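Student: To start, I am sharing the structure in question, which I have written as structure tokens.
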Amino acid sequence: MSNLLDLLVAGLATGAIYALVAVGFTLLWQTSQTINFAQGEFVMLPAFLMLAVMHAGAPFWLAIILGILLSLLLLGLGFKLLLVDPMLRHGVLPLAIATMALAIGMKEAVKQFFSAEASPFPSIVPAGDVWILGRVVSLQSLGVLALAIAVVIGLTALLNRTSIGHQMQATAQNPTVARIIGVPVERMILLTFLINAFLVALASLLITPIYLAKFSSGEVLGQAAFIAAIVGGFNQVRGAIAGGLLIGVVDNLAAAYVSTQYRAAVPLILLIVIILFRPQGLLGRPEERTV
Amino acid sequence: MTAAGKYWRIALGVAVIAALIIVPMNFNRYGLYILSQWTVMTIAAMGLNLTLGYAGQVSLAQGAFVGIGAYAAAIMTTQGMPLIVALGVAIVLCFAIGWILGYPALRVQHHYLAFVTLAFSTLAFLVFRNEDWLTKGIYGISNIPRPNVLGFATNRPLPFYYFCLGSLGIVSLAMWWLIRSPWGRAFVALRENPVRALSLGIDTRRYTLMAFAIGSALGGVAGTLYAPLTQYIDPVPFNLSLSLDLLMMVIVGGSGFFFGPFLGAMIAVLLPEWLRFTQGYYLMLYAVAVMLLLIYSPTGILGILDRYLTERRTKAASALRAVAKSRLETAP
């Protein structure tokens, strides 16, 4: 039990990052029926964009800003205009399959143009330990947790307290009615794509120092985000947040108490159990079937 | 379809089959290996086509089912059991797992099957890698024997290729029959209009589940051929990318078309051999090409062909109608 607190903090820290990714995932699904199977690769890419900028000689803070801007451009605007808009008229499944092709393309592109090896990535939180309740807790975990929580609170405030947030929610719930009452639906959908791009860039910045920058790291991250979204509730932003935190904690505890070999299996089993007994997710509302 | 068109099709079919038998006779070892791989991947992709193209469900576990089939074949044949027994075990196992996976997922929404199969894919890989006592873990299983078929040994590449081709033929015939049976028609009905199919008394969920389970079983069949083909298996080839590759094969060839998987597997297996000069860029270019194809035609290459043929037929038909009409008008 000695390291339970440390495990919990580390779990919540990775969980908070998963939550960011899962929130973006559910936002895209809600506003434009996009099941983004490349979401994990979306988290993988910004770290490499930042590394590329740093290789060009820029300092870390500039690399972060440019990396986030490039992500907004490529993963937000570019993704929507070049892939989602032309594909959406074909239906949900062809679009989902197109994002799988995109995932392969992104992985291969990073492998070819950057490196097949894992690269180290600087942390924005300084390394070190702090003492809490007589225990050593890593500063990095705490910093990541604090940052991720700040972003989640900011996002929730944006969605629930501002006019733009209300318009986005209206777009997500019923685009036709939203259009009738004068919500600029197209602009709101674009905004969701930009928010998603911002969230994945941030997640990339926070998680890459822990797991290193590697072209294939998106597979694990993407799966964690899907599972978080489904476990928490596909149609709820707070569901995705709760799901992310839960998966992070479960993942870390499983690594310590179950077995390192089957660590990855525990969230998957959780997913299957949730789908069996509570398919709308822990915090989700049952969706009416469209007939 | 006109009578002449039908004869042309039969002639084309006979010519292709004859070419598949005769042309590889003087191929070298590697060429035969690639062709055999094409037949194996075609069988796996045909199974996925049933799930995706006919029942309209995305499965991301077809690679895992190929893995289960391959491990069943490898474990049992290295213990001295005949391949046909392993085949039976693989089919039953994959069908049952498909049923168990699909049952909860299809209760919810169609895209849930994609997530559940994605999770299963990772789970299966973990089992292949970690259960050393059964699968020998990362060291893999080597010296997998090739079967004797009707008293003929298939150790050499050419007989084994014929064995694979024959298996593909049997699977194709079974699939052809299945699609034309009432079951197959129900599969298509629930893809085209699930609500209408439901109102006509088709239990959509059971049929969708059935299509997925049969498709998974075909993945197992492909696996039992894969193991004696490579004669060595380890967990790596059966990770998520194989499932994605198979999905791309079905999409590129044309999902929902009988010959889609044949074409898709050909492109995915043979094209990398011809495009060696692109080196590492190949997969990247392939992914971009798939996205462009999906934007232009979500039903793949055969979808483009189909659209073109339909257009031509409508044009011909309207021309005929115009001629008939003008005759009618000029007649006294």
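Quick note on naming: the chains in the structure tokens go A, B, ... in the order shown, residues restart at 1 in each chain, and ligands are numbered from 1 in order of appearance.
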Quick one: residues within 9 Å of B:Ser121, only C-alpha atoms, excluding same-chain residues fewer than 5 positions away - as an MDAnalysis selection string?
Tutor: chainID B and resid 60:65 116 126 238:240 243
Student: Can you write just those residues out, N, CA and C atoms, as a short mmCIF file (atom, residue, chain, number, x, y, z; two decimals), in the first residue's frame?
Tutor:
data_model
loop_
_atom_site.label_atom_id
_atom_site.label_comp_id
_atom_site.auth_asym_id
_atom_site.auth_seq_id
_atom_site.Cartn_x
_atom_site.Cartn_y
_atom_site.Cartn_z
N LEU B 60 -12.71 -4.77 -36.71
CA LEU B 60 -11.28 -4.50 -36.67
C LEU B 60 -10.54 -5.68 -36.05
N ALA B 61 -11.14 -6.87 -36.14
CA ALA B 61 -10.50 -8.02 -35.52
C ALA B 61 -10.22 -9.13 -36.52
N GLN B 62 -10.39 -8.86 -37.82
CA GLN B 62 -10.19 -9.94 -38.79
C GLN B 62 -8.76 -10.48 -38.70
N GLY B 63 -7.79 -9.60 -38.47
CA GLY B 63 -6.40 -10.03 -38.31
C GLY B 63 -6.25 -10.96 -37.11
N ALA B 64 -6.98 -10.65 -36.03
CA ALA B 64 -6.90 -11.50 -34.84
C ALA B 64 -7.48 -12.88 -35.13
N PHE B 65 -8.56 -12.93 -35.95
CA PHE B 65 -9.14 -14.23 -36.28
C PHE B 65 -8.19 -15.03 -37.17
N VAL B 116 -15.44 -2.73 -30.01
CA VAL B 116 -15.26 -4.01 -29.32
C VAL B 116 -14.24 -4.86 -30.06
N LEU B 126 -2.15 -9.80 -27.05
CA LEU B 126 -1.54 -10.00 -25.73
C LEU B 126 -1.49 -11.48 -25.37
N PHE B 238 0.07 -10.63 -36.52
CA PHE B 238 -1.37 -10.64 -36.25
C PHE B 238 -1.80 -9.46 -35.37
N ASN B 239 -1.05 -8.37 -35.42
CA ASN B 239 -1.46 -7.22 -34.62
C ASN B 239 -2.51 -6.42 -35.37
N LEU B 240 -2.83 -5.27 -34.82
CA LEU B 240 -3.93 -4.48 -35.36
C LEU B 240 -3.71 -4.11 -36.83
N SER B 243 -5.44 -6.32 -39.31
CA SER B 243 -6.88 -6.07 -39.39
C SER B 243 -7.16 -4.84 -40.25
#
Student: From a backbone DSSP assignment, name each residue in stretch 96-220 of chain A labelled alpha helix (DSSP H), as a PyMOL selection string.
Tutor: chain A and resi 96-113+139-161+163-173+175-180+185-211+218-220
Student: Could you give me, as a Markdown table, a per-residue list for chain B showing, wherever an atom lies at most 6 Å from an atom of chain A, the closest pair of atoms and their distance in Å to one decimal, using only C-alpha atoms and sorting by chain then residue number from low to high?
Tutor:
| residue | atom | partner | partner_atom | distance |
| --- | --- | --- | --- | --- |
| B:Pro104 | CA | A:Leu276 | CA | 5.3 |
| B:Ala119 | CA | A:Leu268 | CA | 5.6 |
| B:Leu123 | CA | A:Ala265 | CA | 5.9 |
| B:Met284 | CA | A:Gly105 | CA | 4.6 |
| B:Ala287 | CA | A:Gly105 | CA | 5.0 |
| B:Met291 | CA | A:Ala98 | CA | 5.6 |
| B:Ile295 | CA | A:Met87 | CA | 5.5 |
Student: Would you mind exporting the chosen residues as a PDB file, in the first residue's frame, restricted to C-alpha atoms?
Tutor:
ATOM      1  CA  PRO B 104     -23.322  -7.330 -26.754  1.00  0.00           C
ATOM      2  CA  ALA B 119     -10.291  -4.031 -28.117  1.00  0.00           C
ATOM      3  CA  LEU B 123      -6.449  -8.612 -26.308  1.00  0.00           C
ATOM      4  CA  MET B 284       2.050   6.385 -46.955  1.00  0.00           C
ATOM      5  CA  ALA B 287      -3.021   5.396 -47.401  1.00  0.00           C
ATOM      6  CA  MET B 291      -8.506   8.217 -48.851  1.00  0.00           C
ATOM      7  CA  ILE B 295     -13.829  10.357 -51.346  1.00  0.00           C
TER       8      ILE B 295
END
Student: Which distance in Å separates atom CA of A:Met50 and atom CA of A:Leu66, to one decimal?
Tutor: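 Spanning atom CA of A:Met50 to atom CA of A:Leu66 is a straight-line distance of 7.1 Å.
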Student: Between atom CA of A:Ile247 and atom CA of A:Gly11, what distance in Å does the model show, to one decimal?
Tutor: 8.2 Å
Student: For atom CA of B:Glu192 and atom CA of B:Phe258, quote the distance in Å rounded to one decimal.
Tutor: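 Between these atoms lies a distance of 16.1 Å.
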Student: Set the distance at 9 Å and use only C-alpha atoms: which residues neighbour A:Met44 once local chain neighbours fewer than 3 positions away are removed? I'd like the list as a PyMOL selection string.
Tutor: chain A and resi 39-41+47-48+107+200-201+204+208+213-218+221
Student: Could you save the residues just selected, with N, CA and C atoms, as an mmCIF file, in the first residue's frame?
Tutor:
data_model
loop_
_atom_site.group_PDB
_atom_site.id
_atom_site.type_symbol
_atom_site.label_atom_id
_atom_site.label_comp_id
_atom_site.auth_asym_id
_atom_site.auth_seq_id
_atom_site.Cartn_x
_atom_site.Cartn_y
_atom_site.Cartn_z
ATOM 1 N N GLN A 39 -7.601 9.549 -33.873
ATOM 2 C CA GLN A 39 -7.439 10.439 -32.729
ATOM 3 C C GLN A 39 -6.104 10.194 -32.012
ATOM 4 N N GLY A 40 -5.705 8.945 -31.874
ATOM 5 C CA GLY A 40 -4.425 8.643 -31.235
ATOM 6 C C GLY A 40 -3.262 9.238 -32.023
ATOM 7 N N GLU A 41 -3.318 9.128 -33.338
ATOM 8 C CA GLU A 41 -2.265 9.694 -34.177
ATOM 9 C C GLU A 41 -2.298 11.216 -34.120
ATOM 10 N N ALA A 47 3.615 16.495 -31.133
ATOM 11 C CA ALA A 47 4.931 16.403 -30.496
ATOM 12 C C ALA A 47 6.023 16.444 -31.560
ATOM 13 N N PHE A 48 5.779 15.756 -32.693
ATOM 14 C CA PHE A 48 6.782 15.748 -33.751
ATOM 15 C C PHE A 48 6.866 17.105 -34.452
ATOM 16 N N LYS A 107 1.055 7.733 -39.449
ATOM 17 C CA LYS A 107 2.116 6.943 -38.824
ATOM 18 C C LYS A 107 3.291 6.772 -39.779
ATOM 19 N N VAL A 200 -5.822 17.942 -28.589
ATOM 20 C CA VAL A 200 -4.839 16.877 -28.859
ATOM 21 C C VAL A 200 -3.423 17.437 -28.817
ATOM 22 N N ALA A 201 -3.237 18.694 -29.271
ATOM 23 C CA ALA A 201 -1.902 19.291 -29.216
ATOM 24 C C ALA A 201 -1.449 19.412 -27.764
ATOM 25 N N SER A 204 -0.663 16.055 -26.364
ATOM 26 C CA SER A 204 0.624 15.641 -26.902
ATOM 27 C C SER A 204 1.763 16.259 -26.104
ATOM 28 N N THR A 208 3.848 13.316 -24.052
ATOM 29 C CA THR A 208 5.061 12.865 -24.731
ATOM 30 C C THR A 208 6.292 12.823 -23.821
ATOM 31 N N ALA A 213 8.405 10.389 -27.760
ATOM 32 C CA ALA A 213 7.742 10.635 -29.041
ATOM 33 C C ALA A 213 8.050 9.483 -29.984
ATOM 34 N N LYS A 214 7.028 8.718 -30.343
ATOM 35 C CA LYS A 214 7.246 7.604 -31.264
ATOM 36 C C LYS A 214 6.097 7.536 -32.250
ATOM 37 N N PHE A 215 6.394 7.157 -33.478
ATOM 38 C CA PHE A 215 5.351 7.182 -34.518
ATOM 39 C C PHE A 215 4.182 6.273 -34.183
ATOM 40 N N SER A 216 4.447 5.202 -33.422
ATOM 41 C CA SER A 216 3.372 4.237 -33.165
ATOM 42 C C SER A 216 2.649 4.484 -31.854
ATOM 43 N N SER A 217 3.017 5.553 -31.119
ATOM 44 C CA SER A 217 2.433 5.723 -29.784
ATOM 45 C C SER A 217 0.950 6.064 -29.852
ATOM 46 N N GLY A 218 0.477 6.478 -31.043
ATOM 47 C CA GLY A 218 -0.935 6.831 -31.161
ATOM 48 C C GLY A 218 -1.880 5.670 -30.969
ATOM 49 N N LEU A 221 -2.721 5.407 -27.257
ATOM 50 C CA LEU A 221 -3.443 6.599 -26.826
ATOM 51 C C LEU A 221 -4.844 6.635 -27.406
#
Student: Compile the contact shell of A:Ile153 as a CSV table (one decimal) with C-alpha atoms, in the first residue's frame: residues with an atom at most 12 Å away, counting only C-alpha atoms, same-chain residues fewer than 4 positions apart removed.
Tutor:
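selection_11.csv written:
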chain,number,residue,atom,x,y,z
A,16,ALA,CA,-6.5,13.7,-17.2
A,19,ALA,CA,-9.8,12.9,-20.7
A,20,LEU,CA,-8.6,15.7,-23.0
A,146,ALA,CA,-3.1,20.6,-12.6
A,147,LEU,CA,-2.7,21.7,-16.2
A,148,ALA,CA,-5.2,19.1,-17.6
A,149,ILE,CA,-7.7,20.0,-14.9
A,157,ALA,CA,-16.9,26.9,-18.7
A,158,LEU,CA,-16.8,27.7,-22.4
A,159,LEU,CA,-19.4,25.1,-23.2
A,160,ASN,CA,-21.8,25.9,-20.3
A,161,ARG,CA,-21.3,29.6,-19.5
A,237,VAL,CA,-18.5,15.8,-22.2
A,238,ARG,CA,-18.4,15.1,-18.5
A,241,ILE,CA,-13.7,13.4,-18.5
Student: What parts of stretch 148-276 of chain B does DSSP call strand (DSSP E)? I'd like the answer as a VMD selection string.
Tutor: chain B and resid 148 to 149 152 to 153
Student: Tell me which protein, DNA and RNA residues are within 7 Å of A:Ser141, counting only C-alpha atoms, leaving out same-chain ones fewer than 6 positions away, and put them as a PyMOL selection string.
Tutor: chain A and resi 9-10+13
Student: Write out the residues from the selection above, keeping N, CA and C atoms, as a PDB file, in the first residue's frame.
Tutor:
ATOM      1  N   VAL A   9      -1.934   9.335  -8.009  1.00  0.00           N
ATOM      2  CA  VAL A   9      -1.618  10.630  -8.621  1.00  0.00           C
ATOM      3  C   VAL A   9      -1.147  10.437 -10.060  1.00  0.00           C
ATOM      4  N   ALA A  10      -0.264   9.448 -10.262  1.00  0.00           N
ATOM      5  CA  ALA A  10       0.213   9.196 -11.627  1.00  0.00           C
ATOM      6  C   ALA A  10      -0.948   8.775 -12.516  1.00  0.00           C
ATOM      7  N   ALA A  13      -3.031  11.686 -13.397  1.00  0.00           N
ATOM      8  CA  ALA A  13      -2.334  12.556 -14.356  1.00  0.00           C
ATOM      9  C   ALA A  13      -2.484  12.024 -15.778  1.00  0.00           C
TER      10      ALA A  13
END
Student: Just checking: using only C-alpha atoms, which residue out of B:Ile138, B:Leu168, B:Leu173, B:Met210 ends up closest to B:Ile43?
Tutor: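 Among the listed residues, B:Leu168 lies closest to B:Ile43.
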